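Shown next: my_file06.txt, given as compact mmCIF, C-alpha atoms and all ligand atoms.
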# COMPACT_ATOMS: atom_id res chain seq x y z
CA MET A 1 0.00 0.00 0.00
CA ARG A 2 1.24 3.49 -0.81
CA HIS A 3 0.16 6.73 0.80
CA PHE A 4 1.19 10.32 0.19
CA GLN A 5 -0.11 13.85 0.48
CA VAL A 6 -0.68 16.30 -2.35
CA LYS A 7 0.02 19.81 -1.11
CA PHE A 8 -1.40 22.82 -2.93
CA ALA A 9 -0.89 26.40 -1.83
CA SER A 10 -4.34 26.53 -0.26
CA ALA A 11 -4.99 22.94 0.83
CA ALA A 12 -3.69 19.39 0.91
CA HIS A 13 -5.26 16.01 0.33
CA GLU A 14 -4.45 12.36 0.87
CA VAL A 15 -3.78 9.73 -1.79
CA TRP A 16 -3.94 5.98 -1.13
CA VAL A 17 -2.93 3.30 -3.63
CA GLY A 18 -3.29 -0.42 -2.93
CA ALA A 19 -5.28 -3.63 -3.39
CA GLY A 20 -8.56 -3.98 -1.50
CA LEU A 21 -8.91 -0.33 -0.47
CA ILE A 22 -12.58 0.00 -1.47
CA GLY A 23 -13.37 -2.33 1.44
CA LYS A 24 -11.56 0.13 3.76
CA LEU A 25 -13.19 3.27 2.40
CA GLY A 26 -15.04 4.15 5.59
CA ARG A 27 -11.89 4.21 7.69
CA LEU A 28 -9.89 6.13 5.06
CA THR A 29 -12.66 8.72 4.74
CA ARG A 30 -12.74 9.19 8.52
CA GLU A 31 -8.94 9.51 8.63
CA ALA A 32 -9.11 12.21 5.94
CA GLY A 33 -11.10 14.30 8.41
CA LEU A 34 -14.47 14.05 6.67
CA ALA A 35 -17.16 13.94 9.34
CA PRO A 36 -19.92 11.31 9.10
CA GLY A 37 -22.91 12.52 7.13
CA ARG A 38 -24.69 11.86 3.90
CA ILE A 39 -22.80 10.67 0.86
CA ALA A 40 -23.89 10.78 -2.77
CA MET A 41 -21.95 8.00 -4.43
CA VAL A 42 -21.99 8.67 -8.16
CA THR A 43 -21.09 5.65 -10.28
CA ASP A 44 -21.91 4.17 -13.69
CA SER A 45 -23.91 1.18 -14.89
CA ASN A 46 -20.80 -1.03 -15.21
CA VAL A 47 -18.96 -0.09 -12.04
CA GLY A 48 -21.98 0.28 -9.74
CA PRO A 49 -23.01 -3.39 -9.82
CA LEU A 50 -19.39 -4.46 -9.21
CA TYR A 51 -18.24 -2.17 -6.40
CA SER A 52 -20.88 0.16 -4.98
CA GLU A 53 -22.15 -2.30 -2.39
CA LEU A 54 -18.64 -2.99 -1.11
CA ALA A 55 -18.00 0.75 -0.88
CA SER A 56 -21.34 1.53 0.77
CA ASP A 57 -21.00 -1.27 3.36
CA SER A 58 -17.61 0.04 4.42
CA LEU A 59 -18.89 3.62 4.64
CA ARG A 60 -21.95 2.59 6.67
CA ALA A 61 -19.75 0.68 9.11
CA SER A 62 -17.91 3.96 9.76
CA GLY A 63 -21.11 5.92 10.37
CA TYR A 64 -21.77 7.47 6.94
CA GLU A 65 -25.11 7.38 5.11
CA PRO A 66 -24.42 6.65 1.45
CA ILE A 67 -26.90 6.68 -1.39
CA THR A 68 -25.87 5.43 -4.82
CA ILE A 69 -26.61 7.39 -8.00
CA GLU A 70 -25.96 5.43 -11.17
CA VAL A 71 -25.51 7.02 -14.60
CA GLU A 72 -25.25 5.14 -17.86
CA ALA A 73 -21.68 4.02 -18.64
CA GLY A 74 -19.95 5.94 -21.43
CA GLU A 75 -18.72 9.35 -22.52
CA GLN A 76 -22.27 10.48 -23.41
CA SER A 77 -22.98 10.76 -19.67
CA LYS A 78 -20.51 13.65 -19.38
CA SER A 79 -23.28 16.04 -20.41
CA LEU A 80 -25.25 18.96 -19.00
CA GLU A 81 -28.38 16.80 -19.15
CA VAL A 82 -26.94 14.06 -16.95
CA LEU A 83 -25.37 16.69 -14.68
CA ALA A 84 -28.85 18.17 -14.17
CA THR A 85 -30.16 14.76 -13.07
CA LEU A 86 -27.40 14.65 -10.42
CA TYR A 87 -28.42 18.06 -9.05
CA ASP A 88 -32.05 16.87 -8.99
CA ARG A 89 -31.08 13.86 -6.89
CA PHE A 90 -28.86 15.95 -4.58
CA VAL A 91 -31.80 18.27 -3.93
CA ALA A 92 -34.30 15.40 -3.53
CA GLU A 93 -31.96 13.71 -1.02
CA GLN A 94 -31.50 17.04 0.78
CA LEU A 95 -27.73 16.97 0.58
CA ASP A 96 -26.22 19.89 2.48
CA ARG A 97 -22.79 21.52 2.81
CA ASN A 98 -21.55 18.69 5.00
CA SER A 99 -22.57 16.01 2.54
CA ILE A 100 -19.83 14.40 0.45
CA VAL A 101 -19.83 13.49 -3.23
CA PHE A 102 -17.97 10.28 -4.11
CA ALA A 103 -16.96 9.55 -7.70
CA LEU A 104 -16.73 5.76 -8.05
CA GLY A 105 -15.69 4.89 -11.61
CA GLY A 106 -13.52 5.92 -14.53
CA GLY A 107 -12.69 9.37 -15.83
CA VAL A 108 -16.24 9.97 -17.03
CA VAL A 109 -17.71 9.57 -13.55
CA GLY A 110 -14.77 11.45 -12.00
CA ASP A 111 -15.16 14.48 -14.28
CA LEU A 112 -18.97 14.53 -14.05
CA ALA A 113 -19.32 13.98 -10.30
CA GLY A 114 -16.35 16.28 -9.72
CA PHE A 115 -18.05 19.13 -11.54
CA ALA A 116 -21.30 18.45 -9.66
CA ALA A 117 -19.38 18.61 -6.35
CA ALA A 118 -17.60 21.82 -7.43
CA THR A 119 -20.85 23.60 -8.18
CA TYR A 120 -23.55 22.21 -5.86
CA LEU A 121 -23.93 24.74 -3.01
CA ARG A 122 -20.77 26.40 -4.41
CA GLY A 123 -18.78 23.31 -3.54
CA VAL A 124 -19.14 20.27 -1.32
CA PRO A 125 -16.32 17.83 -0.42
CA LEU A 126 -15.30 15.42 -3.17
CA VAL A 127 -13.71 11.97 -2.90
CA GLN A 128 -12.31 10.23 -5.98
CA ILE A 129 -12.42 6.41 -6.16
CA PRO A 130 -10.94 5.81 -9.63
CA THR A 131 -11.53 2.36 -11.15
CA THR A 132 -9.82 2.56 -14.57
CA VAL A 133 -6.10 2.89 -15.27
CA VAL A 134 -6.78 6.27 -16.91
CA ALA A 135 -8.57 7.50 -13.80
CA GLN A 136 -6.07 5.96 -11.33
CA VAL A 137 -2.96 7.38 -12.99
CA ASP A 138 -4.35 10.59 -14.43
CA SER A 139 -7.87 12.04 -14.18
CA SER A 140 -8.50 11.57 -10.44
CA LEU A 141 -5.57 13.85 -9.50
CA GLY A 142 -5.10 17.45 -10.56
CA GLY A 143 -8.51 18.94 -9.97
CA LYS A 144 -9.80 19.21 -13.53
CA THR A 145 -13.53 18.52 -13.68
CA ALA A 146 -15.83 19.02 -16.66
CA VAL A 147 -18.74 18.01 -18.83
CA ASN A 148 -18.84 18.14 -22.63
CA HIS A 149 -20.76 20.59 -24.78
CA HIS A 150 -22.01 19.27 -28.11
CA HIS A 151 -19.47 21.57 -29.77
CA ALA A 152 -16.44 20.57 -27.75
CA LYS A 153 -15.15 18.13 -25.17
CA ASN A 154 -14.65 19.41 -21.60
CA LEU A 155 -15.95 22.88 -22.53
CA LEU A 156 -17.74 23.42 -19.22
CA GLY A 157 -15.76 22.78 -16.11
CA ALA A 158 -13.90 23.91 -13.03
CA PHE A 159 -10.65 23.35 -11.20
CA TYR A 160 -11.73 21.65 -7.99
CA GLN A 161 -9.52 19.50 -5.79
CA PRO A 162 -10.79 16.33 -4.14
CA ARG A 163 -10.29 15.85 -0.41
CA LEU A 164 -9.18 12.26 -0.83
CA ILE A 165 -8.18 9.87 -3.64
CA VAL A 166 -8.41 6.12 -3.09
CA ALA A 167 -7.03 4.01 -5.96
CA ASP A 168 -7.92 0.35 -5.37
CA VAL A 169 -5.74 -1.53 -7.85
CA ALA A 170 -7.76 -4.74 -7.28
CA ALA A 171 -10.67 -3.04 -9.05
CA LEU A 172 -8.64 -2.99 -12.27
CA ARG A 173 -9.01 -6.78 -12.52
CA THR A 174 -12.48 -6.42 -14.05
CA LEU A 175 -11.43 -3.78 -16.59
CA ALA A 176 -11.48 -4.83 -20.27
CA ASP A 177 -8.06 -5.48 -21.86
CA ARG A 178 -8.19 -2.62 -24.33
CA GLU A 179 -9.10 -0.09 -21.61
CA PHE A 180 -6.38 -1.46 -19.33
CA ARG A 181 -3.68 -1.06 -22.01
CA GLU A 182 -4.96 2.36 -23.02
CA GLY A 183 -4.15 3.77 -19.59
CA LEU A 184 -0.56 2.53 -19.82
CA ALA A 185 0.14 5.22 -22.43
CA GLU A 186 -0.15 7.90 -19.74
CA VAL A 187 2.14 5.89 -17.43
CA ILE A 188 4.82 5.73 -20.11
CA LYS A 189 4.30 9.46 -20.64
CA TYR A 190 5.18 10.34 -17.02
CA GLY A 191 8.37 8.31 -17.26
CA ALA A 192 9.32 9.79 -20.62
CA ILE A 193 8.88 13.42 -19.55
CA MET A 194 10.02 13.26 -15.93
CA ASP A 195 11.71 10.12 -14.74
CA ALA A 196 13.89 7.73 -16.75
CA ALA A 197 14.28 5.41 -13.74
CA MET A 198 10.51 5.02 -13.53
CA LEU A 199 10.50 4.05 -17.21
CA GLU A 200 13.15 1.40 -16.48
CA ARG A 201 11.12 -0.04 -13.61
CA TYR A 202 8.02 -0.06 -15.79
CA GLY A 203 9.82 -1.90 -18.59
CA ALA A 204 11.31 -4.43 -16.16
CA SER A 205 7.92 -5.36 -14.69
CA LEU A 206 5.83 -5.03 -17.86
CA ASP A 207 5.02 -8.74 -18.13
CA ARG A 208 3.70 -8.75 -14.56
CA ILE A 209 1.81 -5.52 -15.20
CA LEU A 210 0.07 -6.97 -18.26
CA ALA A 211 -0.87 -10.01 -16.14
CA ARG A 212 -2.27 -7.44 -13.67
CA ASP A 213 -0.09 -8.56 -10.80
CA GLU A 214 -1.26 -6.32 -7.96
CA THR A 215 2.18 -5.46 -6.60
CA ALA A 216 3.44 -4.43 -10.04
CA VAL A 217 0.27 -2.46 -10.77
CA GLU A 218 0.41 -0.70 -7.40
CA GLN A 219 3.94 0.42 -8.18
CA PHE A 220 3.15 2.02 -11.53
CA VAL A 221 -0.07 3.64 -10.29
CA GLY A 222 1.77 5.07 -7.27
CA ASP A 223 4.73 6.23 -9.40
CA SER A 224 2.38 7.89 -11.89
CA LEU A 225 0.29 9.71 -9.29
CA GLU A 226 3.40 10.96 -7.52
CA ARG A 227 4.82 12.28 -10.78
CA LYS A 228 1.54 13.98 -11.70
CA ALA A 229 1.24 15.48 -8.21
CA GLN A 230 4.74 16.90 -8.55
CA VAL A 231 3.80 18.78 -11.74
CA VAL A 232 0.32 19.98 -10.82
CA THR A 233 1.14 21.24 -7.35
CA ASP A 234 3.73 23.58 -8.91
CA ASP A 235 1.24 24.79 -11.51
CA GLU A 236 -2.34 24.17 -10.37
CA ARG A 237 -4.00 26.03 -13.25
CA GLU A 238 -1.83 24.91 -16.12
CA GLN A 239 -0.06 28.13 -16.90
CA GLY A 240 3.46 26.78 -17.21
CA ARG A 241 5.27 23.55 -16.41
CA ARG A 242 2.07 21.48 -16.23
CA ARG A 243 1.90 21.71 -20.00
CA ILE A 244 4.61 19.04 -20.31
CA LEU A 245 1.80 16.59 -19.49
CA ASN A 246 0.65 17.21 -23.06
CA PHE A 247 3.54 15.12 -24.40
CA GLY A 248 2.16 13.02 -27.28
CA HIS A 249 -1.17 14.83 -27.10
CA THR A 250 -0.84 17.34 -29.98
CA VAL A 251 -0.69 14.63 -32.64
CA GLY A 252 -2.78 12.30 -30.44
CA HIS A 253 -5.72 14.71 -30.20
CA ALA A 254 -5.57 15.40 -33.95
CA LEU A 255 -5.69 11.66 -34.69
CA GLU A 256 -8.64 11.12 -32.35
CA ALA A 257 -10.54 14.00 -33.93
CA ALA A 258 -9.62 13.14 -37.55
CA PHE A 259 -11.12 9.69 -37.07
CA GLY A 260 -14.27 11.02 -35.41
CA TYR A 261 -13.32 9.63 -31.96
CA LYS A 262 -14.19 6.15 -33.26
CA GLN A 263 -10.98 4.48 -34.36
CA TYR A 264 -8.72 5.23 -31.41
CA LEU A 265 -9.16 5.34 -27.67
CA HIS A 266 -7.46 8.44 -26.24
CA GLY A 267 -4.46 6.48 -24.90
CA GLU A 268 -3.95 4.68 -28.21
CA ALA A 269 -3.81 7.98 -30.09
CA VAL A 270 -1.43 9.38 -27.45
CA ALA A 271 0.79 6.31 -27.87
CA ILE A 272 1.23 7.10 -31.57
CA GLY A 273 1.60 10.79 -30.71
CA MET A 274 4.47 10.00 -28.33
CA VAL A 275 6.32 7.99 -30.98
CA GLU A 276 5.95 10.90 -33.42
CA ALA A 277 6.96 13.47 -30.79
CA ALA A 278 10.06 11.39 -30.03
CA LYS A 279 10.98 11.35 -33.74
CA LEU A 280 10.61 15.13 -33.91
CA SER A 281 12.68 15.39 -30.74
CA ILE A 282 15.61 13.74 -32.53
CA VAL A 283 15.58 16.58 -35.08
CA CYS A 284 14.63 19.49 -32.81
CA ALA A 285 15.68 18.71 -29.25
CA GLY A 286 18.68 16.42 -29.43
CA LEU A 287 17.03 13.16 -28.33
CA SER A 288 19.22 10.23 -29.33
CA PRO A 289 17.74 7.86 -31.93
CA ALA A 290 18.47 4.96 -29.57
CA GLU A 291 16.33 6.50 -26.81
CA ALA A 292 13.51 7.25 -29.26
CA GLU A 293 13.62 3.60 -30.32
CA GLN A 294 13.63 2.46 -26.66
CA LEU A 295 10.45 4.47 -26.04
CA SER A 296 8.76 3.13 -29.12
CA LYS A 297 9.60 -0.49 -28.14
CA LEU A 298 8.14 0.04 -24.67
CA ILE A 299 4.92 1.39 -26.16
CA GLU A 300 4.74 -1.57 -28.52
CA ARG A 301 5.38 -4.10 -25.74
CA SER A 302 2.52 -2.49 -23.81
CA GLY A 303 0.17 -3.57 -26.59
CA LEU A 304 -0.30 -0.04 -27.93
CA PRO A 305 -0.07 1.20 -31.52
CA THR A 306 3.12 3.01 -32.61
CA ALA A 307 2.53 3.89 -36.27
CA MET A 308 0.47 6.58 -37.93
CA PRO A 309 -2.36 4.97 -39.89
CA PRO A 310 -1.64 4.81 -43.66
CA GLN A 311 -4.49 7.21 -44.42
CA TRP A 312 -3.59 9.84 -41.80
CA GLN A 313 -3.05 12.69 -44.27
CA SER A 314 -6.41 14.39 -44.50
CA GLU A 315 -8.02 17.76 -44.24
CA GLU A 316 -9.61 16.62 -40.99
CA PHE A 317 -6.22 15.82 -39.48
CA GLU A 318 -4.74 19.20 -40.44
CA ARG A 319 -7.80 21.05 -39.24
CA ALA A 320 -7.73 19.18 -35.94
CA LEU A 321 -4.01 19.87 -35.50
CA LYS A 322 -4.59 23.57 -36.07
CA LEU A 323 -7.52 23.62 -33.69
CA ASP A 324 -5.36 22.26 -30.91
CA LYS A 325 -5.85 24.32 -27.76
CA LYS A 326 -2.16 25.12 -27.53
CA ARG A 327 -2.02 26.81 -30.94
CA SER A 328 -1.17 30.41 -31.49
CA ASP A 329 -1.26 31.66 -35.09
CA LYS A 330 0.90 29.47 -37.25
CA ALA A 331 2.75 27.57 -34.58
CA VAL A 332 2.00 25.12 -31.82
CA GLU A 333 3.72 24.62 -28.54
CA PHE A 334 5.10 21.12 -28.77
CA VAL A 335 6.38 18.99 -25.92
CA MET A 336 9.66 17.29 -26.83
CA LEU A 337 12.26 15.19 -25.11
CA GLU A 338 15.90 16.22 -24.72
CA LYS A 339 16.44 12.76 -23.35
CA LEU A 340 14.28 10.13 -21.70
CA GLY A 341 13.07 11.65 -18.44
CA ARG A 342 13.49 15.29 -19.52
CA ALA A 343 10.88 17.30 -21.43
CA VAL A 344 11.17 20.72 -23.04
CA LEU A 345 8.54 22.98 -24.60
CA ARG A 346 9.29 24.20 -28.13
CA ARG A 347 7.33 26.27 -30.64
CA LEU A 348 6.95 24.52 -33.97
CA SER A 349 5.21 25.59 -37.16
CA PHE A 350 2.49 23.35 -38.55
CA ASP A 351 4.62 22.77 -41.62
CA ASP A 352 7.53 21.58 -39.51
CA ILE A 353 5.22 19.10 -37.84
CA LEU A 354 3.47 17.89 -40.98
CA ASP A 355 6.77 17.54 -42.87
CA ASN A 356 8.22 15.33 -40.17
CA LEU A 357 5.34 12.92 -39.50
N1 LIG A 401 -9.86 15.40 -15.43
C1 LIG A 401 -8.76 15.03 -16.04
O1 LIG A 401 -7.66 15.52 -15.75
C2 LIG A 401 -8.83 13.97 -17.10
C3 LIG A 401 -7.68 13.33 -17.55
C4 LIG A 401 -7.79 12.29 -18.48
C5 LIG A 401 -9.04 11.92 -18.93
N2 LIG A 401 -10.16 12.56 -18.49
C6 LIG A 401 -11.51 12.17 -18.94
O2 LIG A 401 -11.73 10.83 -18.55
C7 LIG A 401 -12.65 10.23 -19.45
C8 LIG A 401 -12.13 8.87 -19.84
O3 LIG A 401 -11.95 8.11 -18.68
P1 LIG A 401 -11.88 6.52 -18.73
O4 LIG A 401 -10.95 6.11 -19.79
O5 LIG A 401 -11.67 6.04 -17.35
O6 LIG A 401 -13.33 6.13 -19.31
P2 LIG A 401 -14.69 5.65 -18.63
O7 LIG A 401 -14.94 6.33 -17.36
O8 LIG A 401 -15.71 5.75 -19.70
O9 LIG A 401 -14.40 4.10 -18.34
C9 LIG A 401 -14.16 3.22 -19.42
C10 LIG A 401 -15.11 2.02 -19.36
O10 LIG A 401 -14.71 1.13 -18.33
C11 LIG A 401 -15.80 0.84 -17.45
N3 LIG A 401 -15.18 0.59 -16.14
C12 LIG A 401 -14.64 1.50 -15.30
N4 LIG A 401 -14.05 0.90 -14.28
C13 LIG A 401 -14.22 -0.43 -14.45
C14 LIG A 401 -13.82 -1.58 -13.71
N5 LIG A 401 -13.04 -1.47 -12.63
N6 LIG A 401 -14.20 -2.79 -14.16
C15 LIG A 401 -14.94 -2.90 -15.31
N7 LIG A 401 -15.33 -1.85 -16.06
C16 LIG A 401 -14.96 -0.63 -15.63
C17 LIG A 401 -16.70 2.03 -17.55
O11 LIG A 401 -18.00 1.74 -17.17
C18 LIG A 401 -16.57 2.39 -19.03
O12 LIG A 401 -17.42 1.58 -19.78
C19 LIG A 401 -12.81 11.17 -20.62
O13 LIG A 401 -14.04 11.82 -20.52
C20 LIG A 401 -11.68 12.17 -20.44
O14 LIG A 401 -12.00 13.46 -20.91
C21 LIG A 401 -10.07 13.57 -17.58
ZN ZN A 402 -4.19 12.08 -21.96

Using structure tokens, write down the structure that the file contains.
Amino acid sequence: MRHFQVKFASAAHEVWVGAGLIGKLGRLTREAGLAPGRIAMVTDSNVGPLYSELASDSLRASGYEPITIEVEAGEQSKSLEVLATLYDRFVAEQLDRNSIVFALGGGVVGDLAGFAAATYLRGVPLVQIPTTVVAQVDSSLGGKTAVNHHHAKNLLGAFYQPRLIVADVAALRTLADREFREGLAEVIKYGAIMDAAMLERYGASLDRILARDETAVEQFVGDSLERKAQVVTDDEREQGRRRILNFGHTVGHALEAAFGYKQYLHGEAVAIGMVEAAKLSIVCAGLSPAEAEQLSKLIERSGLPTAMPPQWQSEEFERALKLDKKRSDKAVEFVMLEKLGRAVLRRLSFDDILDNL
């Protein structure tokens, strides 16, 4: 089991990583200083039937009064309509300022319930119980919450920190293979941009990770969350250094969008984006070809794609690249590697990027 604190300028919160922690949720919530009261446990139609009873039993044993609110599984639930149904339930259940919102599920539930917690009564305490790799290594920490608008993903949101994060790695056992591997792209990303030794450890235990050995999984989830905490506590609102977390995401986002969000899961597109960013880094940031190859091999061994699809050159791809949030006029800010474990931000023109893909 791993435990650490994330310290922001204004507040701090606890992070727990380990197997079987959902069964200890009541005690961990008490230890985080959250007084017994009502809890709205937001979950989805896949995760609820698997884990909400276990979570609720533990919370009840510690004196809390949980109710479960289940939304349909899938990205379409990150909407204003579903958000409104959460507020309706909060009001109907008479949740007050001392009530706590729990997000039990993947990034969809975390972002949706997080935004509900940030806005209901101008903010009630939030606890994240991430159950996907993506949520355990990435979305549960950092305070970004949002719902989608039909024009754009994550258009409506708030920065809002949880009071507690509990990542139960045993819950990843029921996750589908493709979703499990997808999340590994973000793990590789932390190593590539911040910590070469972490990347070594990851590579050395990859076979055990893919077999979902709990000790190996706990190590990479803990390593990832600690790395992310390090970046976001220095730059809570993404004005500077936090932007290195976009490594692989410029090309990745463009690929996702160009294929209508149907062909690639986010992590798969980011995997290809990291390989391309590493190639550009050889030309523009001095990364050695051997290290770029090492990164690509690790991505491949993780069961993730490494090559641009043959038909990538399209108007949609170019448009999506130019629409990237980090654009300014004719150039984009691109995250590159000087070497494995060290990222730098560089401005690149679209032509430079397109010519080198
Ligand atoms: N806030 C942030 O910083 C941040 C960062 C990255 C991603 N995100 C957001 O996260 C979302 C994607 O998150 P995700 O990949 O976790 O998707 P998700 O929440 O849709 O979960 C993926 C699928 O796995 C199922 N599932 C979840 N846990 C399970 C378990 N333990 N066993 C079996 N099935 C399980 C879900 O029901 C769903 O069908 C996107 O909306 C993205 O925008 C946010
Ligand atoms: Zn990502």

What's the 12 Å shell around A:Glu291, counting only C-alpha atoms, without same-chain residues fewer than 2 positions away, as a CSV table (one decimal) with C-alpha atoms, keeping the file's coordinate frame?
chain,number,residue,atom,x,y,z
A,192,ALA,CA,9.3,9.8,-20.6
A,196,ALA,CA,13.9,7.7,-16.8
A,199,LEU,CA,10.5,4.0,-17.2
A,200,GLU,CA,13.2,1.4,-16.5
A,275,VAL,CA,6.3,8.0,-31.0
A,278,ALA,CA,10.1,11.4,-30.0
A,279,LYS,CA,11.0,11.4,-33.7
A,281,SER,CA,12.7,15.4,-30.7
A,282,ILE,CA,15.6,13.7,-32.5
A,286,GLY,CA,18.7,16.4,-29.4
A,287,LEU,CA,17.0,13.2,-28.3
A,288,SER,CA,19.2,10.2,-29.3
A,289,PRO,CA,17.7,7.9,-31.9
A,293,GLU,CA,13.6,3.6,-30.3
A,294,GLN,CA,13.6,2.5,-26.7
A,295,LEU,CA,10.4,4.5,-26.0
A,296,SER,CA,8.8,3.1,-29.1
A,297,LYS,CA,9.6,-0.5,-28.1
A,298,LEU,CA,8.1,0.0,-24.7
A,337,LEU,CA,12.3,15.2,-25.1
A,338,GLU,CA,15.9,16.2,-24.7
A,339,LYS,CA,16.4,12.8,-23.4
A,340,LEU,CA,14.3,10.1,-21.7
A,341,GLY,CA,13.1,11.6,-18.4
A,342,ARG,CA,13.5,15.3,-19.5

Please report, as JSON lines, each residue of stretch 66-149 of chain A lying at most 8 Å from stretch 168-185 of chain A, together with the nearest pair of atoms and the separation in Å rounded to one decimal; use only C-alpha atoms, and order rows by chain and ascending residue number.
{"residue": "A:Ile129", "atom": "CA", "partner": "A:Asp168", "partner_atom": "CA", "distance": 7.6}
{"residue": "A:Pro130", "atom": "CA", "partner": "A:Asp168", "partner_atom": "CA", "distance": 7.6}
{"residue": "A:Thr131", "atom": "CA", "partner": "A:Ala171", "partner_atom": "CA", "distance": 5.9}
{"residue": "A:Thr132", "atom": "CA", "partner": "A:Leu172", "partner_atom": "CA", "distance": 6.1}
{"residue": "A:Val133", "atom": "CA", "partner": "A:Gly183", "partner_atom": "CA", "distance": 4.8}
{"residue": "A:Val134", "atom": "CA", "partner": "A:Gly183", "partner_atom": "CA", "distance": 4.5}
{"residue": "A:Val137", "atom": "CA", "partner": "A:Gly183", "partner_atom": "CA", "distance": 7.6}

Near-ligand residues for ligand ZN 402 (chain A), threshold 7 Å, all atoms listed in the file, as a PyMOL selection string: chain A and resi 186+249+266-267+270

Among listed residues A:Gly240, A:Pro162, A:Gly107, A:Gly203, nearest A:Ala11 (using all atoms listed in the file):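 Ranking A:Gly240, A:Pro162, A:Gly107, A:Gly203 by distance to A:Ala11, first place goes to A:Pro162.
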
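Here atom CA of A:Glu214 is placed at a distance of 15.2 Å from atom CA of A:Val166.
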
Distance of atom CA of A:Ala167 from atom CA of A:Ala211, expressed in Å to one decimal place: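 Atom CA of A:Ala167 lies 18.4 Å from atom CA of A:Ala211.
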
Length of the atom CA of A:Phe4 to atom CA of A:Leu121 vector [Å]: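 Taking atom CA of A:Phe4 as the start and atom CA of A:Leu121 as the end point, the length is 29.1 Å.
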
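With only C-alpha atoms as the atoms that count, the residue of A:Glu31, A:Glu238, A:Glu218, A:Glu75 with the shortest distance to A:His149 is A:Glu75.
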
Among listed residues A:Lys189, A:His150, A:Arg38, A:Arg319, nearest A:Phe90 (using all atoms listed in the file):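 The closest residue to A:Phe90 is A:Arg38.
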
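Closest to A:Val344 among A:Thr145, A:Asn246, A:Thr29, A:Thr85 is A:Asn246, based on only C-alpha atoms.
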
Within 12 Å of A:Lys153 using all atoms listed in the file, minus same-chain residues under 3 positions, as a PyMOL selection string: chain A and resi 75-76+78-80+108+111+145-150+156-157+253+256-257+261+325

Shell around A:Asp234 at 10 Å using all atoms listed in the file, local window under 5 positions removed, as a list in words: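 Counting all atoms listed in the file, the residues come to Lys7, Phe8, Ala9, Ala229, Gln239, Gly240, Arg241 and Arg242 of chain A.
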